[in-house]
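A.B. asks: Input structure: run37.pdb, which contains PDB, C-alpha atoms.
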ATOM      1  CA  MET A   1      25.561  33.511   6.009
ATOM      2  CA  THR A   2      25.992  34.909   2.480
ATOM      3  CA  ALA A   3      22.369  35.267   1.404
ATOM      4  CA  THR A   4      21.344  38.833   0.654
ATOM      5  CA  LYS A   5      18.274  38.559   2.869
ATOM      6  CA  ASP A   6      20.360  37.506   5.876
ATOM      7  CA  ILE A   7      22.834  40.347   5.320
ATOM      8  CA  GLN A   8      19.948  42.823   5.207
ATOM      9  CA  LEU A   9      18.471  41.306   8.349
ATOM     10  CA  LEU A  10      21.849  41.587  10.052
ATOM     11  CA  GLU A  11      22.051  45.285   9.184
ATOM     12  CA  ARG A  12      18.486  45.766  10.424
ATOM     13  CA  LEU A  13      19.331  44.107  13.739
ATOM     14  CA  ALA A  14      22.366  46.358  14.276
ATOM     15  CA  SER A  15      20.159  49.378  13.521
ATOM     16  CA  LYS A  16      17.489  48.184  15.951
ATOM     17  CA  ARG A  17      20.117  47.772  18.648
ATOM     18  CA  ASP A  18      21.100  51.441  18.297
ATOM     19  CA  GLN A  19      17.440  52.463  18.506
ATOM     20  CA  PHE A  20      16.985  50.236  21.557
ATOM     21  CA  PHE A  21      19.784  51.882  23.540
ATOM     22  CA  THR A  22      18.758  55.375  22.480
ATOM     23  CA  GLU A  23      15.190  54.800  23.632
ATOM     24  CA  ILE A  24      15.902  52.932  26.877
ATOM     25  CA  GLY A  25      18.476  55.577  27.807
ATOM     26  CA  SER A  26      15.591  57.964  28.512
ATOM     27  CA  ALA A  27      14.386  55.688  31.317
ATOM     28  CA  ILE A  28      17.523  53.845  32.495
ATOM     29  CA  ILE A  29      20.767  55.684  33.247
ATOM     30  CA  GLY A  30      23.898  53.545  33.042
ATOM     31  CA  GLN A  31      23.877  49.717  33.284
ATOM     32  CA  ILE A  32      24.860  49.468  29.604
ATOM     33  CA  ASP A  33      26.655  46.136  30.039
ATOM     34  CA  VAL A  34      23.670  44.596  31.835
ATOM     35  CA  LEU A  35      21.255  45.772  29.146
ATOM     36  CA  ASP A  36      23.585  44.532  26.419
ATOM     37  CA  HIS A  37      23.713  41.075  27.986
ATOM     38  CA  ILE A  38      19.923  40.985  28.399
ATOM     39  CA  LEU A  39      19.561  41.756  24.698
ATOM     40  CA  VAL A  40      22.009  38.948  23.846
ATOM     41  CA  ALA A  41      20.063  36.489  26.025
ATOM     42  CA  LEU A  42      16.801  37.537  24.419
ATOM     43  CA  LEU A  43      18.165  36.805  20.943
ATOM     44  CA  CYS A  44      19.407  33.408  22.163
ATOM     45  CA  GLN A  45      16.073  32.526  23.797
ATOM     46  CA  GLY A  46      17.916  32.284  27.111
ATOM     47  CA  HIS A  47      16.688  33.306  30.559
ATOM     48  CA  THR A  48      18.538  35.775  32.780
ATOM     49  CA  LEU A  49      19.107  36.124  36.518
ATOM     50  CA  LEU A  50      19.852  39.638  37.809
ATOM     51  CA  VAL A  51      21.535  39.844  41.210
ATOM     52  CA  GLY A  52      21.867  43.154  43.020
ATOM     53  CA  VAL A  53      20.924  45.072  46.138
ATOM     54  CA  PRO A  54      17.540  46.846  46.249
ATOM     55  CA  GLY A  55      17.167  50.191  44.514
ATOM     56  CA  LEU A  56      19.327  49.560  41.450
ATOM     57  CA  ALA A  57      16.396  49.732  38.974
ATOM     58  CA  LYS A  58      16.343  46.013  38.187
ATOM     59  CA  THR A  59      12.550  45.952  37.993
ATOM     60  CA  LEU A  60      12.372  49.225  36.029
ATOM     61  CA  MET A  61      14.949  47.849  33.604
ATOM     62  CA  ILE A  62      12.824  44.788  32.851
ATOM     63  CA  LYS A  63       9.563  46.753  32.568
ATOM     64  CA  SER A  64      11.244  49.205  30.175
ATOM     65  CA  LEU A  65      12.525  46.284  28.103
ATOM     66  CA  ALA A  66       8.997  44.914  27.778
ATOM     67  CA  GLU A  67       7.711  48.298  26.595
ATOM     68  CA  LEU A  68      10.375  48.550  23.913
ATOM     69  CA  LEU A  69       9.692  45.053  22.584
ATOM     70  CA  ASP A  70       5.922  45.221  22.190
ATOM     71  CA  LEU A  71       5.480  41.958  24.107
ATOM     72  CA  LYS A  72       3.059  40.822  26.793
ATOM     73  CA  PHE A  73       4.625  41.526  30.185
ATOM     74  CA  SER A  74       3.849  39.740  33.452
ATOM     75  CA  ARG A  75       5.293  40.445  36.864
ATOM     76  CA  ILE A  76       5.297  37.805  39.607
ATOM     77  CA  GLN A  77       6.268  38.886  43.108
ATOM     78  CA  PHE A  78       7.629  35.702  44.666
ATOM     79  CA  THR A  79       6.707  35.197  48.331
ATOM     80  CA  PRO A  80       6.942  32.242  50.756
ATOM     81  CA  ASP A  81       3.189  31.539  50.450
ATOM     82  CA  LEU A  82       3.119  31.532  46.631
ATOM     83  CA  MET A  83       1.694  28.278  45.237
ATOM     84  CA  PRO A  84       2.371  26.733  41.792
ATOM     85  CA  SER A  85      -1.212  27.410  40.701
ATOM     86  CA  ASP A  86      -0.676  31.107  41.472
ATOM     87  CA  ILE A  87       1.787  31.321  38.585
ATOM     88  CA  THR A  88       0.567  28.621  36.192
ATOM     89  CA  GLY A  89      -3.178  29.175  36.518
ATOM     90  CA  THR A  90      -6.045  27.195  37.962
ATOM     91  CA  ASP A  91      -9.390  25.597  37.076
ATOM     92  CA  ILE A  92     -12.496  27.284  38.409
ATOM     93  CA  LEU A  93     -15.992  25.834  38.557
ATOM     94  CA  GLU A  94     -18.588  27.988  36.851
ATOM     95  CA  GLU A  95     -22.068  27.649  35.434
ATOM     96  CA  ASN A  96     -22.510  27.623  31.672
ATOM     97  CA  SER A  97     -25.052  30.347  30.889
ATOM     98  CA  THR A  98     -26.328  28.431  27.843
ATOM     99  CA  THR A  99     -26.714  24.897  29.192
ATOM    100  CA  GLY A 100     -27.018  25.681  32.889
ATOM    101  CA  LYS A 101     -24.428  22.985  33.644
ATOM    102  CA  ARG A 102     -21.444  23.519  35.856
ATOM    103  CA  GLU A 103     -18.066  22.999  34.247
ATOM    104  CA  PHE A 104     -14.417  23.740  34.897
ATOM    105  CA  ARG A 105     -12.687  26.557  33.067
ATOM    106  CA  PHE A 106      -8.940  27.135  33.137
ATOM    107  CA  ILE A 107      -7.845  30.632  34.145
ATOM    108  CA  GLN A 108      -4.354  31.394  32.858
ATOM    109  CA  GLY A 109      -1.738  32.516  35.364
ATOM    110  CA  PRO A 110       0.972  35.169  34.899
ATOM    111  CA  LEU A 111       3.327  32.681  33.202
ATOM    112  CA  PHE A 112       1.174  33.073  30.078
ATOM    113  CA  GLY A 113       3.162  36.052  28.876
ATOM    114  CA  ASN A 114       6.203  36.777  26.712
ATOM    115  CA  ILE A 115       8.448  38.545  29.213
ATOM    116  CA  ILE A 116       8.122  37.302  32.784
ATOM    117  CA  LEU A 117       9.614  39.256  35.676
ATOM    118  CA  ALA A 118      10.203  36.779  38.510
ATOM    119  CA  ASP A 119      10.854  39.276  41.297
ATOM    120  CA  GLU A 120      12.898  37.942  44.250
ATOM    121  CA  ILE A 121      12.735  34.412  42.892
ATOM    122  CA  ASN A 122      14.548  32.909  45.887
ATOM    123  CA  ARG A 123      11.743  33.881  48.272
ATOM    124  CA  THR A 124       9.379  31.156  47.099
ATOM    125  CA  PRO A 125       9.459  27.457  48.126
ATOM    126  CA  PRO A 126      10.939  24.708  45.887
ATOM    127  CA  LYS A 127       7.476  23.470  44.826
ATOM    128  CA  THR A 128       6.704  26.777  43.117
ATOM    129  CA  GLN A 129      10.255  27.087  41.791
ATOM    130  CA  SER A 130       9.744  23.681  40.109
ATOM    131  CA  ALA A 131       6.654  24.952  38.279
ATOM    132  CA  LEU A 132       8.691  27.858  36.957
ATOM    133  CA  LEU A 133      11.510  25.465  36.025
ATOM    134  CA  GLU A 134       9.238  23.450  33.728
ATOM    135  CA  ALA A 135       8.096  26.614  31.988
ATOM    136  CA  MET A 136      11.681  27.840  31.547
ATOM    137  CA  GLN A 137      12.977  24.556  30.190
ATOM    138  CA  GLU A 138      10.029  23.210  28.190
ATOM    139  CA  HIS A 139       8.168  26.449  27.329
ATOM    140  CA  ARG A 140       5.014  24.765  28.564
ATOM    141  CA  ILE A 141       3.203  24.213  31.842
ATOM    142  CA  THR A 142       1.098  21.423  33.291
ATOM    143  CA  ALA A 143      -1.997  22.249  35.321
ATOM    144  CA  ALA A 144      -4.610  19.750  36.530
ATOM    145  CA  GLY A 145      -3.108  17.094  34.248
ATOM    146  CA  THR A 146      -3.339  19.226  31.100
ATOM    147  CA  THR A 147      -0.306  20.602  29.281
ATOM    148  CA  TYR A 148      -0.401  24.119  27.837
ATOM    149  CA  VAL A 149       2.205  25.380  25.352
ATOM    150  CA  LEU A 150       3.420  28.909  26.058
ATOM    151  CA  GLU A 151       3.500  31.522  23.314
ATOM    152  CA  GLU A 152       6.861  32.409  21.805
ATOM    153  CA  PRO A 153       8.965  34.301  22.552
ATOM    154  CA  PHE A 154       9.064  33.283  26.230
ATOM    155  CA  PHE A 155      11.711  34.972  28.334
ATOM    156  CA  VAL A 156      12.163  34.864  32.124
ATOM    157  CA  LEU A 157      14.076  37.630  33.870
ATOM    158  CA  ALA A 158      14.487  36.850  37.558
ATOM    159  CA  THR A 159      15.814  39.156  40.268
ATOM    160  CA  GLN A 160      17.553  38.176  43.480
ATOM    161  CA  ASN A 161      18.754  40.164  46.487
ATOM    162  CA  PRO A 162      22.236  38.935  47.540
ATOM    163  CA  ILE A 163      22.079  40.471  51.020
ATOM    164  CA  GLU A 164      19.066  39.056  52.838
ATOM    165  CA  GLN A 165      19.139  35.295  53.293
ATOM    166  CA  GLU A 166      16.536  34.950  56.052
ATOM    167  CA  GLY A 167      13.283  33.480  54.747
ATOM    168  CA  THR A 168      14.777  32.581  51.367
ATOM    169  CA  TYR A 169      15.037  29.314  49.461
ATOM    170  CA  PRO A 170      18.338  29.083  47.546
ATOM    171  CA  LEU A 171      17.818  28.105  43.936
ATOM    172  CA  PRO A 172      18.853  24.495  43.245
ATOM    173  CA  GLU A 173      21.736  23.933  40.845
ATOM    174  CA  ALA A 174      19.367  22.464  38.248
ATOM    175  CA  GLN A 175      17.358  25.670  38.130
ATOM    176  CA  LEU A 176      20.393  27.943  38.162
ATOM    177  CA  ASP A 177      21.694  26.040  35.147
ATOM    178  CA  ARG A 178      18.536  26.976  33.213
ATOM    179  CA  PHE A 179      19.583  30.630  33.304
ATOM    180  CA  MET A 180      21.829  31.581  30.424
ATOM    181  CA  PHE A 181      23.309  34.560  32.295
ATOM    182  CA  ASN A 182      23.844  35.488  35.911
ATOM    183  CA  LEU A 183      24.257  39.273  35.764
ATOM    184  CA  MET A 184      25.596  41.308  38.669
ATOM    185  CA  VAL A 185      23.855  44.694  38.832
ATOM    186  CA  ASP A 186      26.329  47.060  40.476
ATOM    187  CA  TYR A 187      26.033  50.538  41.967
ATOM    188  CA  PRO A 188      26.031  53.452  39.506
ATOM    189  CA  THR A 189      28.983  55.817  39.193
ATOM    190  CA  ARG A 190      28.803  59.187  40.923
ATOM    191  CA  GLU A 191      27.909  60.944  37.657
ATOM    192  CA  GLU A 192      25.237  58.366  36.879
ATOM    193  CA  GLU A 193      23.738  58.652  40.361
ATOM    194  CA  VAL A 194      23.551  62.448  40.066
ATOM    195  CA  ALA A 195      21.713  62.028  36.753
ATOM    196  CA  ILE A 196      19.393  59.408  38.294
ATOM    197  CA  VAL A 197      18.475  61.690  41.199
ATOM    198  CA  ASN A 198      17.834  64.658  38.878
ATOM    199  CA  SER A 199      15.732  62.491  36.577
ATOM    200  CA  THR A 200      13.582  60.812  39.236
ATOM    201  CA  THR A 201      12.928  63.747  41.575
ATOM    202  CA  GLY A 202      11.546  66.097  38.933
ATOM    203  CA  ASN A 203       8.237  66.065  37.102
ATOM    204  CA  ARG A 204       9.491  64.375  33.938
ATOM    205  CA  THR A 205       7.745  61.208  32.831
ATOM    206  CA  HIS A 206       9.164  58.642  30.441
ATOM    207  CA  SER A 207       6.992  57.167  27.728
ATOM    208  CA  LEU A 208       8.908  54.594  25.722
ATOM    209  CA  LYS A 209       7.979  53.795  22.140
ATOM    210  CA  LYS A 210       8.096  50.321  20.616
ATOM    211  CA  VAL A 211      11.381  49.549  18.895
ATOM    212  CA  ILE A 212      11.286  45.824  18.075
ATOM    213  CA  SER A 213       8.055  44.039  17.126
ATOM    214  CA  ARG A 214       7.311  40.427  18.034
ATOM    215  CA  LYS A 215       7.670  39.455  14.358
ATOM    216  CA  ASP A 216      11.075  41.151  14.125
ATOM    217  CA  LEU A 217      12.288  39.524  17.334
ATOM    218  CA  LEU A 218      11.392  36.027  16.132
ATOM    219  CA  ALA A 219      13.165  36.752  12.822
ATOM    220  CA  PHE A 220      16.271  37.983  14.672
ATOM    221  CA  GLN A 221      16.287  34.864  16.886
ATOM    222  CA  ASN A 222      16.187  32.669  13.783
ATOM    223  CA  LEU A 223      18.945  34.755  12.219
ATOM    224  CA  VAL A 224      21.254  34.260  15.217
ATOM    225  CA  ARG A 225      20.841  30.479  14.948
ATOM    226  CA  ARG A 226      22.028  30.691  11.308
ATOM    227  CA  VAL A 227      25.182  32.676  12.124
ATOM    228  CA  PRO A 228      28.225  30.494  11.277
ATOM    229  CA  VAL A 229      31.024  29.946  13.791
ATOM    230  CA  ALA A 230      34.626  29.059  12.976
ATOM    231  CA  PRO A 231      35.816  25.693  14.381
ATOM    232  CA  ASN A 232      38.599  27.308  16.439
ATOM    233  CA  VAL A 233      36.041  29.511  18.241
ATOM    234  CA  VAL A 234      33.906  26.505  19.179
ATOM    235  CA  GLU A 235      36.983  24.582  20.305
ATOM    236  CA  TYR A 236      38.133  27.531  22.427
ATOM    237  CA  ALA A 237      34.749  27.698  24.207
ATOM    238  CA  VAL A 238      34.689  23.943  24.839
ATOM    239  CA  ASP A 239      38.285  23.897  26.120
ATOM    240  CA  LEU A 240      37.613  26.886  28.377
ATOM    241  CA  VAL A 241      34.575  25.228  29.965
ATOM    242  CA  ALA A 242      36.408  21.904  30.314
ATOM    243  CA  ALA A 243      39.189  23.728  32.176
ATOM    244  CA  THR A 244      36.711  24.579  34.984
ATOM    245  CA  ARG A 245      36.333  20.870  35.829
ATOM    246  CA  PRO A 246      38.678  19.591  38.545
ATOM    247  CA  ASP A 247      40.938  16.589  38.046
ATOM    248  CA  GLN A 248      40.893  16.703  34.247
ATOM    249  CA  LEU A 249      44.044  16.364  32.149
ATOM    250  CA  GLU A 250      44.176  20.029  31.075
ATOM    251  CA  THR A 251      42.771  21.538  34.291
ATOM    252  CA  PRO A 252      44.996  24.278  35.808
ATOM    253  CA  ASP A 253      46.294  23.679  39.339
ATOM    254  CA  PHE A 254      44.320  26.573  40.842
ATOM    255  CA  ILE A 255      41.063  25.059  39.549
ATOM    256  CA  ASN A 256      41.899  21.782  41.287
ATOM    257  CA  GLN A 257      42.687  23.774  44.416
ATOM    258  CA  TRP A 258      39.564  25.943  44.570
ATOM    259  CA  VAL A 259      36.759  24.322  42.540
ATOM    260  CA  GLU A 260      34.416  21.552  43.684
ATOM    261  CA  TRP A 261      32.362  21.180  40.483
ATOM    262  CA  GLY A 262      32.937  22.626  37.038
ATOM    263  CA  ALA A 263      30.503  23.731  34.349
ATOM    264  CA  GLY A 264      28.664  21.288  32.078
ATOM    265  CA  PRO A 265      28.126  21.278  28.292
ATOM    266  CA  ARG A 266      25.259  23.770  28.537
ATOM    267  CA  ALA A 267      27.870  26.421  29.391
ATOM    268  CA  SER A 268      29.689  25.743  26.100
ATOM    269  CA  GLN A 269      26.403  25.969  24.206
ATOM    270  CA  TYR A 270      25.538  29.303  25.796
ATOM    271  CA  LEU A 271      29.022  30.726  25.197
ATOM    272  CA  ILE A 272      28.729  30.007  21.477
ATOM    273  CA  SER A 273      25.098  31.062  21.036
ATOM    274  CA  GLY A 274      25.826  34.232  23.028
ATOM    275  CA  ALA A 275      28.914  34.962  20.932
ATOM    276  CA  LYS A 276      26.813  34.594  17.778
ATOM    277  CA  ALA A 277      24.213  37.050  19.115
ATOM    278  CA  ARG A 278      26.905  39.498  20.218
ATOM    279  CA  ALA A 279      28.468  39.481  16.765
ATOM    280  CA  ALA A 280      25.078  39.881  15.072
ATOM    281  CA  LEU A 281      24.222  42.874  17.276
ATOM    282  CA  ASP A 282      27.471  44.504  16.139
ATOM    283  CA  GLY A 283      26.569  43.806  12.514
ATOM    284  CA  ARG A 284      29.351  41.217  12.136
ATOM    285  CA  PRO A 285      28.616  38.019  10.159
ATOM    286  CA  SER A 286      30.546  35.678  12.489
ATOM    287  CA  PRO A 287      31.839  35.757  16.094
ATOM    288  CA  ASP A 288      35.463  35.510  17.206
ATOM    289  CA  ILE A 289      37.210  34.357  20.380
ATOM    290  CA  GLN A 290      36.876  37.822  21.945
ATOM    291  CA  ASP A 291      33.086  37.428  21.838
ATOM    292  CA  VAL A 292      33.384  34.200  23.826
ATOM    293  CA  GLN A 293      35.739  35.806  26.355
ATOM    294  CA  ALA A 294      33.323  38.706  26.902
ATOM    295  CA  LEU A 295      30.617  36.283  28.060
ATOM    296  CA  VAL A 296      32.652  34.038  30.368
ATOM    297  CA  LEU A 297      31.677  35.704  33.655
ATOM    298  CA  PRO A 298      27.873  35.844  33.182
ATOM    299  CA  VAL A 299      27.733  32.340  31.692
ATOM    300  CA  LEU A 300      30.033  30.543  34.144
ATOM    301  CA  ARG A 301      29.750  32.317  37.514
ATOM    302  CA  HIS A 302      26.617  30.341  38.515
ATOM    303  CA  ARG A 303      27.803  27.052  37.022
ATOM    304  CA  VAL A 304      31.134  26.653  38.836
ATOM    305  CA  LEU A 305      30.902  25.591  42.483
ATOM    306  CA  LEU A 306      33.779  26.586  44.768
ATOM    307  CA  ASN A 307      35.084  24.315  47.512
ATOM    308  CA  PHE A 308      35.926  24.985  51.149
ATOM    309  CA  ASN A 309      39.518  25.941  50.309
ATOM    310  CA  ALA A 310      38.336  28.815  48.124
ATOM    311  CA  GLU A 311      35.879  30.032  50.750
ATOM    312  CA  SER A 312      38.443  29.851  53.562
ATOM    313  CA  GLU A 313      40.932  31.814  51.451
ATOM    314  CA  GLY A 314      38.326  34.417  50.484
ATOM    315  CA  MET A 315      38.436  33.598  46.786
ATOM    316  CA  LYS A 316      35.550  34.854  44.658
ATOM    317  CA  ILE A 317      34.244  33.049  41.597
ATOM    318  CA  ASP A 318      34.750  36.069  39.315
ATOM    319  CA  ASP A 319      38.416  36.335  40.345
ATOM    320  CA  ILE A 320      38.985  32.642  39.575
ATOM    321  CA  LEU A 321      37.290  32.944  36.174
ATOM    322  CA  ARG A 322      39.381  36.015  35.304
ATOM    323  CA  LYS A 323      42.510  34.081  36.256
ATOM    324  CA  LEU A 324      41.365  31.237  34.005
ATOM    325  CA  LEU A 325      40.806  33.684  31.138
ATOM    326  CA  GLU A 326      44.305  35.104  31.564
ATOM    327  CA  GLU A 327      45.791  31.611  31.503
ATOM    328  CA  LYS A 328      43.864  30.690  28.355
ATOM    329  CA  LYS A 329      45.024  33.890  26.642
ATOM    330  CA  LEU A 330      48.652  32.926  27.298
ATOM    331  CA  SER A 331      48.296  29.281  26.244
TER     332      SER A 331
END
Mind turning this structure into structure tokens?
C.D. replies:
Amino acid sequence: MTATKDIQLLERLASKRDQFFTEIGSAIIGQIDVLDHILVALLCQGHTLLVGVPGLAKTLMIKSLAELLDLKFSRIQFTPDLMPSDITGTDILEENSTTGKREFRFIQGPLFGNIILADEINRTPPKTQSALLEAMQEHRITAAGTTYVLEEPFFVLATQNPIEQEGTYPLPEAQLDRFMFNLMVDYPTREEEVAIVNSTTGNRTHSLKKVISRKDLLAFQNLVRRVPVAPNVVEYAVDLVAATRPDQLETPDFINQWVEWGAGPRASQYLISGAKARAALDGRPSPDIQDVQALVLPVLRHRVLLNFNAESEGMKIDDILRKLLEEKKLS
């Protein structure tokens, strides 16, 4: 990436990132890592799953993001009675005022947006989840036998409550794999919570200004794809993902002991594309191994399936991935 135009675009992206965090900081207190990962996913055209208990500003975070990006925002509240046509759109029969004939007209659903908030995604049945899956994977939907291409950029941010399981439909592995990141939204620190309470119980209102235009975002996404990666960085990502698969030649013993299924090639792809975006956001022309390591948890935690041994011993996926990272640092 030596062209002058790309270097200028790289500098512009780093500047826009600073503006982004300055502006969103007036509405969202804390959660810097989560916001940083969302920005990385956006540049990689990847979808993101946010998991956290109610009241942690997941929805506000996504709405604020949409305001800053000058994109069309749609919110879908997923419920057990939600049908595929409720999100994709439906044909209605109406009378043509000119000819007097009745004809069908397609009414677009909320998926026809740029940033889609899929709120409590695991509360809707598999049939509706499948309609969302097609949109996430293909960037198009099919309704009444007709295929409609969705406008770019198309970015799904889904939320999920990890506590309540009654009346929910766990996401199938195929759909989980379509999410680039699985981000854990944690409680704020004491200082952050004090600031949140002071901010939300007064009479201040937050009006966010646009920071990144649609044209800029598309240019930045193209820029990230052009970022070069050293062969050793790619090989590190591939070897790291391969080490999550049990019964392979280079698999550590603790992976064989605790893991049922490892991550597939899509994990390696996301680690590298995410590392490229992370480097670009910092204004660096190429990523290094540390960029890959920083993305291991959000990329792999929903792609590695633990076995009964791990569950019976109380092992958590994040702890196993951290142990794998430590081993790979030493090797």
A.B. asks: CA of Val241 in chain A and CA of Phe254 in chain A, how far apart in Å?
C.D. replies: 14.7 Å
A.B. asks: Give me the residues within 8 Å of Arg303 in chain A as number ranges by chain, counting only C-alpha atoms and dropping any in the same chain fewer than 6 places off.
C.D. replies: A: 173, 176-177, 262-264, 267
A.B. asks: When the PyMOL selection byres ((chain A and resi 145-156) around 9) is applied to the structure above, which residues does it catch, written out as a PyMOL selection string?
C.D. replies: chain A and resi 41-42+45-49+71+111-118+135-136+138-144+157-158+179+214+217-218
A.B. asks: Find, counting only C-alpha atoms, the residue in A:Val197, A:Ile92, A:Ala280, A:Ala174 that gets nearest to Arg266 in chain A.
C.D. replies: A:Ala174
A.B. asks: Looking at all atoms listed in the file, which of A:Val185, A:Leu82, A:Ala279, A:Val238 is the one that sits closest to Thr59 in chain A?
C.D. replies: A:Val185
A.B. asks: Return the single residue from A:Val233, A:Leu208, A:Asp247, A:Asp81 that is closest to Thr22 in chain A, with distances computed using all atoms listed in the file.
C.D. replies: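 Closest residue, counting all atoms listed in the file: A:Leu208.
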A.B. asks: For a quick check of understanding, using all atoms listed in the file, which of A:Leu306, A:Leu93, A:Val292, A:Leu271 has the smallest distance to Phe106 in chain A?
C.D. replies: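 Result for the nearest residue to Phe106 in chain A: A:Leu93.
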A.B. asks: Identify all residues satisfying the PyMOL selection byres ((chain A and resi 182) around 7) in the given file; provide them as a VMD selection string.
C.D. replies: chain A and resid 48 to 50 179 181 183 to 184 298 to 299 301 to 302
A.B. asks: At what distance in Å, to one decimal, does CA of Asn307 in chain A lie from CA of Glu260 in chain A?
C.D. replies: 4.8 Å
A.B. asks: Convert the output of the PyMOL selection byres ((chain A and resi 105) around 10) on the shown file into explicit residues, formatted as a PyMOL selection string.
C.D. replies: chain A and resi 90-96+102-104+106-108
A.B. asks: Between A:Lys316, A:Val224, A:Leu305, A:Glu326, which one has atoms that come closest to Arg278 in chain A, using only C-alpha atoms?
C.D. replies: A:Val224
A.B. asks: May I ask which of the residues A:Ile212, A:Leu324, A:Met315, A:Leu281 is the closest one to Leu300 in chain A, counting all atoms listed in the file?
C.D. replies: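 With all atoms listed in the file as the atom set, the closest residue is A:Leu324.
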A.B. asks: Name the residues in contact with Ser26 in chain A at a cut-off of 10 Å, using all atoms listed in the file, excluding same-chain residues fewer than 3 positions from it; report them as an MDAnalysis selection string.
C.D. replies: chainID A and resid 21:23 29 64 199 205:208
A.B. asks: Limited to C-alpha atoms, could you put the picked residues into a file as a PDB file, keeping the file's coordinate frame?
C.D. replies:
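out-v6.pdb written:
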ATOM      1  CA  PHE A  21      19.784  51.882  23.540  1.00  0.00           C
ATOM      2  CA  THR A  22      18.758  55.375  22.480  1.00  0.00           C
ATOM      3  CA  GLU A  23      15.190  54.800  23.632  1.00  0.00           C
ATOM      4  CA  ILE A  29      20.767  55.684  33.247  1.00  0.00           C
ATOM      5  CA  SER A  64      11.244  49.205  30.175  1.00  0.00           C
ATOM      6  CA  SER A 199      15.732  62.491  36.577  1.00  0.00           C
ATOM      7  CA  THR A 205       7.745  61.208  32.831  1.00  0.00           C
ATOM      8  CA  HIS A 206       9.164  58.642  30.441  1.00  0.00           C
ATOM      9  CA  SER A 207       6.992  57.167  27.728  1.00  0.00           C
ATOM     10  CA  LEU A 208       8.908  54.594  25.722  1.00  0.00           C
TER      11      LEU A 208
END
A.B. asks: Counting only C-alpha atoms, note down every residue that has an atom within 10 Å of the point (14.1, 45.3, 42.2) (file coordinates), as a PyMOL selection string.
C.D. replies: chain A and resi 50-62+117+119-120+158-161
A.B. asks: Record the distance separating CA of Leu297 in chain A and CA of Ile320 in chain A, expressed in Å with one decimal.
C.D. replies: 9.9 Å
A.B. asks: Could you give me, as a PDB file with C-alpha atoms, in the frame of the given file, the residues within 10 Å of Pro287 in chain A, counting only C-alpha atoms and dropping anything in the same chain fewer than 5 positions from it?
C.D. replies:
ATOM      1  CA  VAL A 227      25.182  32.676  12.124  1.00  0.00           C
ATOM      2  CA  PRO A 228      28.225  30.494  11.277  1.00  0.00           C
ATOM      3  CA  VAL A 229      31.024  29.946  13.791  1.00  0.00           C
ATOM      4  CA  ALA A 230      34.626  29.059  12.976  1.00  0.00           C
ATOM      5  CA  VAL A 233      36.041  29.511  18.241  1.00  0.00           C
ATOM      6  CA  VAL A 234      33.906  26.505  19.179  1.00  0.00           C
ATOM      7  CA  ILE A 272      28.729  30.007  21.477  1.00  0.00           C
ATOM      8  CA  SER A 273      25.098  31.062  21.036  1.00  0.00           C
ATOM      9  CA  GLY A 274      25.826  34.232  23.028  1.00  0.00           C
ATOM     10  CA  ALA A 275      28.914  34.962  20.932  1.00  0.00           C
ATOM     11  CA  LYS A 276      26.813  34.594  17.778  1.00  0.00           C
ATOM     12  CA  ALA A 277      24.213  37.050  19.115  1.00  0.00           C
ATOM     13  CA  ARG A 278      26.905  39.498  20.218  1.00  0.00           C
ATOM     14  CA  ALA A 279      28.468  39.481  16.765  1.00  0.00           C
ATOM     15  CA  ALA A 280      25.078  39.881  15.072  1.00  0.00           C
ATOM     16  CA  ASP A 282      27.471  44.504  16.139  1.00  0.00           C
ATOM     17  CA  VAL A 292      33.384  34.200  23.826  1.00  0.00           C
TER      18      VAL A 292
END
A.B. asks: Leaving out Ala219 in chain A and any residue of its chain fewer than 3 positions from it, which residues lie within 12 Å of it when counting all atoms listed in the file, given as a ChimeraX atom specification?
C.D. replies: /A:5-6,8-10,12-13,43-44,152-153,212-216,222-226
A.B. asks: Can I get range 168-175 of chain A with N, CA and C atoms filled in, as a PDB file, in the coordinates of the input?
C.D. replies:
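That gives us rebuild11.pdb:
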ATOM      1  N   THR A 168      14.591  32.827  52.795  1.00  0.00           N
ATOM      2  CA  THR A 168      14.777  32.581  51.367  1.00  0.00           C
ATOM      3  C   THR A 168      15.013  31.094  51.129  1.00  0.00           C
ATOM      4  N   TYR A 169      14.821  30.692  49.881  1.00  0.00           N
ATOM      5  CA  TYR A 169      15.037  29.314  49.461  1.00  0.00           C
ATOM      6  C   TYR A 169      16.053  29.342  48.316  1.00  0.00           C
ATOM      7  N   PRO A 170      17.308  29.024  48.603  1.00  0.00           N
ATOM      8  CA  PRO A 170      18.338  29.083  47.546  1.00  0.00           C
ATOM      9  C   PRO A 170      17.935  28.260  46.328  1.00  0.00           C
ATOM     10  N   LEU A 171      18.178  28.816  45.163  1.00  0.00           N
ATOM     11  CA  LEU A 171      17.818  28.105  43.936  1.00  0.00           C
ATOM     12  C   LEU A 171      18.678  26.858  43.783  1.00  0.00           C
ATOM     13  N   PRO A 172      18.067  25.715  43.464  1.00  0.00           N
ATOM     14  CA  PRO A 172      18.853  24.495  43.245  1.00  0.00           C
ATOM     15  C   PRO A 172      19.726  24.637  42.005  1.00  0.00           C
ATOM     16  N   GLU A 173      20.795  23.850  41.965  1.00  0.00           N
ATOM     17  CA  GLU A 173      21.736  23.933  40.845  1.00  0.00           C
ATOM     18  C   GLU A 173      21.045  23.685  39.503  1.00  0.00           C
ATOM     19  N   ALA A 174      20.067  22.777  39.498  1.00  0.00           N
ATOM     20  CA  ALA A 174      19.367  22.464  38.248  1.00  0.00           C
ATOM     21  C   ALA A 174      18.634  23.680  37.707  1.00  0.00           C
ATOM     22  N   GLN A 175      18.070  24.491  38.596  1.00  0.00           N
ATOM     23  CA  GLN A 175      17.358  25.670  38.130  1.00  0.00           C
ATOM     24  C   GLN A 175      18.318  26.788  37.759  1.00  0.00           C
TER      25      GLN A 175
END
